[in-house]
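Q: Got a structure here, written out as structure tokens. Questions coming.
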Amino acid sequence: MNPEFSSLWTHLPILPVLLPLFTAAALLLMGDGGGQASHGGTLLRRRRLLSLGSAVLGAALAWGLLWQAAQGTLTVYPLGGWPAPYGIVLVVDRLSAMMLALTWTIAVPVLWYATGGWDAHGRYFHALYQFQLMGLSGAFVTGDLFNLFVFFEVLLIASYVLMVHGQGRERMRAGLQYVVLNLVASGLFLIGLALVYALTGTLNMADLAVRVAQLDPTQAALFKTGAMVLLVVFGLKAAIAPLYLWLPATYAATSAPVAALFAIMTKVGVYSIIRVHAVILGEDAGHAALAVQAWLLPVALTTTVLGVLGALAAHGLARLVAYLTVASVGTILAAVGLFTPAALSAALYYLLHSTLIVAALFLLVELVASQRGTAGDRLQPAAPVAQPFLLGLMTLLGAASAAGLPPLPGFLGKLMVLQSAAATPAHAWVWAVVLGAGFFTLVGLARAGSILFWNVLPDTSPHTPAGSSARLTTATLGLLALSLVLAAAAAPVKRYTDATAAQLADQGAYARAVLDSLEGGRIPSTRPYRGGEGEVRLPAPGDSP
Amino acid sequence: MSLEFLVATGIGAVTASAIYLMLRGRTWPVVLGLSLLGYAVNVFIFAMGRLWQDAAPILAEGAHVADPLPQALVLTAIVIGFATTGFVVELALRTRNDTGTDHVDGHEPGVTGTPHRTEDRA
């Protein structure tokens, strides 16, 4: 391997963050000819090319990292060469690599869809899209909790603007509520982080896992309070009960490609819950071990039930899909809440499936809605769609997978969740809720599908296949095809998620990889810093912290 | 009265005011509430490095120093809070312009809004 290539290879973990940052900066510099006016212009074509090229390159990088992680390597990248726990480190383990690959794999078809016209409905769509990808990538690779907060802010600020992209009265109203809620959550995030720092003196995830186990019962009680505050914050992002109410309003009001990209945003909350509450506060965390065990499973099951009820009651197709997102998050977190490696593996497989299918469904909703004239996506009899066969087949495929019918990945995911729950005391609840949710999802989607495609008014107006260019259809088909690949490749994917769960359970290896990154063992640490209590003494190298 | 008591009470009072303001129905009090919450949170982070008297902020020969990390963290939090407050003010003004009211629901209480969420899709 030539040295230039190998040096680039060592910088691989930071590239999925830097690439969209520089692309976004270039897109901002290229300017924006005032949105609508530049539709079809050369500048718009160039922006699309640059943005798509960057997304494809980013996907290649993410898959490269996935390939690296699949070998079992834990890549640690100390920013600026500062060793952990003092500097900020990026850590790419199997979980991070999987989330990165998922993000970029969804980003490409969704961006392809957006270039079908949505990107010209407002200003700076592509730059914001890239900033959003930067925030998502950063949140998945960082190994530091405060850095996680910073990347949350990056992805949120981009999402605030993307959410109101295209504008319109309803979108602005939902946008304001979305922004205010997330700003409150950011404040809570900082309070949680401050409590964690006050008790352990560190925000590095690996260091934190080591130090949490050393807390005495009084400190552990306060630490659990901090963990609960963080659960509220991540729960708001992931949309768990009772914090999900913003999601249907937001996702139904925003534009289709943005809603599809936001499908991955709820998973950032799920990812953070797995990282903090299932791994750092796992069984080895001493007095603070399994701090949220009593809460996570009941809350997750409630989320699934309420999500399915919302889907049954929805008057519009976009809102129905948004509620299905809520229900799927509940199912994922129910499996996480069982706190066993087998259940975690099942949760990760279900996460991959539900993210892909929800993104595809949001795009599909708009394809269908644009062909129904003034009725849009409202579930009421209207003129038939111009392409009943194609759209009907796509809806059938997406709906069957969302409801969990064999042989689609939704079925496999649910089966894995049920299997992993069988040996746990809560299995009756999990089985009842997951199976019941599957049935009622099927009822809701069957009702929606029959209204959309069969209960049609006599066709008076000429067919208007407007808004259904080849580009929009291929993007949606691409996402659905990816979902089928997930079913066909279920065995290797399951092996990967099994290995991920095992890697997450092995806290010692993670701590060694991150903290022993310099020759000569761990960095001496004076934390938690108590300068006033006795003399500050740097322990000799080799002392255990 | 200890310094800790004073700071804790202060943070509590500001947070309580922030929560009251954020629960109001108009955008301006909500924005003020968000700013106040930001202040309370910043002081909270700052206090998490413990309160120090007669200590150097970062480095001093042989003397006590205050924990420098929360100072760095709070700086980041202040910058981000400043940017997001600026954004939410602009968004509130824009919403006021588009919906004709500064109520967070997008319509005056008692007046039914016209939820045509599909109007801008056609």
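The chains in the structure tokens are called A, B, ... from first to last as shown; in each chain the residues are counted from 1, and the ligands are counted from 1 in the order shown.
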Compute the set of chain B residues within 6 Å of chain A, using only C-alpha atoms, and express it as number ranges by chain.
A: B: 45, 48, 95, 98-99, 106, 117
Q: Write to file, as a PDB file, in the first residue's frame, the residues of the selection just made, with N, CA and C atoms.
A:
```
ATOM      1  N   ILE B  45     -24.096  24.651  34.020  1.00  0.00           N
ATOM      2  CA  ILE B  45     -22.886  23.958  33.545  1.00  0.00           C
ATOM      3  C   ILE B  45     -21.666  24.529  34.250  1.00  0.00           C
ATOM      4  N   MET B  48     -21.127  23.294  37.599  1.00  0.00           N
ATOM      5  CA  MET B  48     -20.832  21.867  37.702  1.00  0.00           C
ATOM      6  C   MET B  48     -19.351  21.593  37.884  1.00  0.00           C
ATOM      7  N   THR B  95     -43.230  33.405  10.691  1.00  0.00           N
ATOM      8  CA  THR B  95     -44.507  32.749  10.930  1.00  0.00           C
ATOM      9  C   THR B  95     -45.601  33.780  11.157  1.00  0.00           C
ATOM     10  N   ASP B  98     -46.542  34.967   7.785  1.00  0.00           N
ATOM     11  CA  ASP B  98     -47.268  34.024   6.930  1.00  0.00           C
ATOM     12  C   ASP B  98     -48.651  33.695   7.462  1.00  0.00           C
ATOM     13  N   THR B  99     -48.792  33.597   8.796  1.00  0.00           N
ATOM     14  CA  THR B  99     -50.072  33.168   9.331  1.00  0.00           C
ATOM     15  C   THR B  99     -50.919  34.339   9.813  1.00  0.00           C
ATOM     16  N   GLY B 106     -50.696  29.110  15.241  1.00  0.00           N
ATOM     17  CA  GLY B 106     -50.873  29.542  13.862  1.00  0.00           C
ATOM     18  C   GLY B 106     -52.225  30.185  13.604  1.00  0.00           C
ATOM     19  N   ARG B 117     -53.190  21.395   4.521  1.00  0.00           N
ATOM     20  CA  ARG B 117     -51.774  21.090   4.475  1.00  0.00           C
ATOM     21  C   ARG B 117     -51.329  20.636   3.084  1.00  0.00           C
TER      22      ARG B 117
END
```
Q: As a list in words, please: the residues near B:Arg96 (cut-off 9 Å, only C-alpha atoms, same-chain neighbours under 6 positions excluded).
A: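 What passes the distance filter is Thr27, Asp102, His103 and Gly106 of chain B.
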Q: Taking the chain letters and numbering used in this document, name the residues of chain B that DSSP puts in strand (DSSP E or B), as number ranges by chain.
A: B: 26, 56, 65, 103
Q: Residues as selected, N, CA and C atoms, written as a tab-separated table (two decimals), in the first residue's frame, can you do that?
A:
```tsv
chain	number	residue	atom	x	y	z
B	26	ARG	N	-48.00	33.09	23.02
B	26	ARG	CA	-47.48	33.97	21.96
B	26	ARG	C	-46.01	33.67	21.72
B	56	ALA	N	-7.24	30.51	40.73
B	56	ALA	CA	-6.94	30.99	39.39
B	56	ALA	C	-7.84	30.29	38.38
B	65	VAL	N	-6.49	25.87	41.34
B	65	VAL	CA	-7.09	26.39	40.11
B	65	VAL	C	-8.50	25.85	40.00
B	103	HIS	N	-49.62	33.84	17.49
B	103	HIS	CA	-49.94	32.72	18.37
B	103	HIS	C	-49.20	31.48	17.88
```
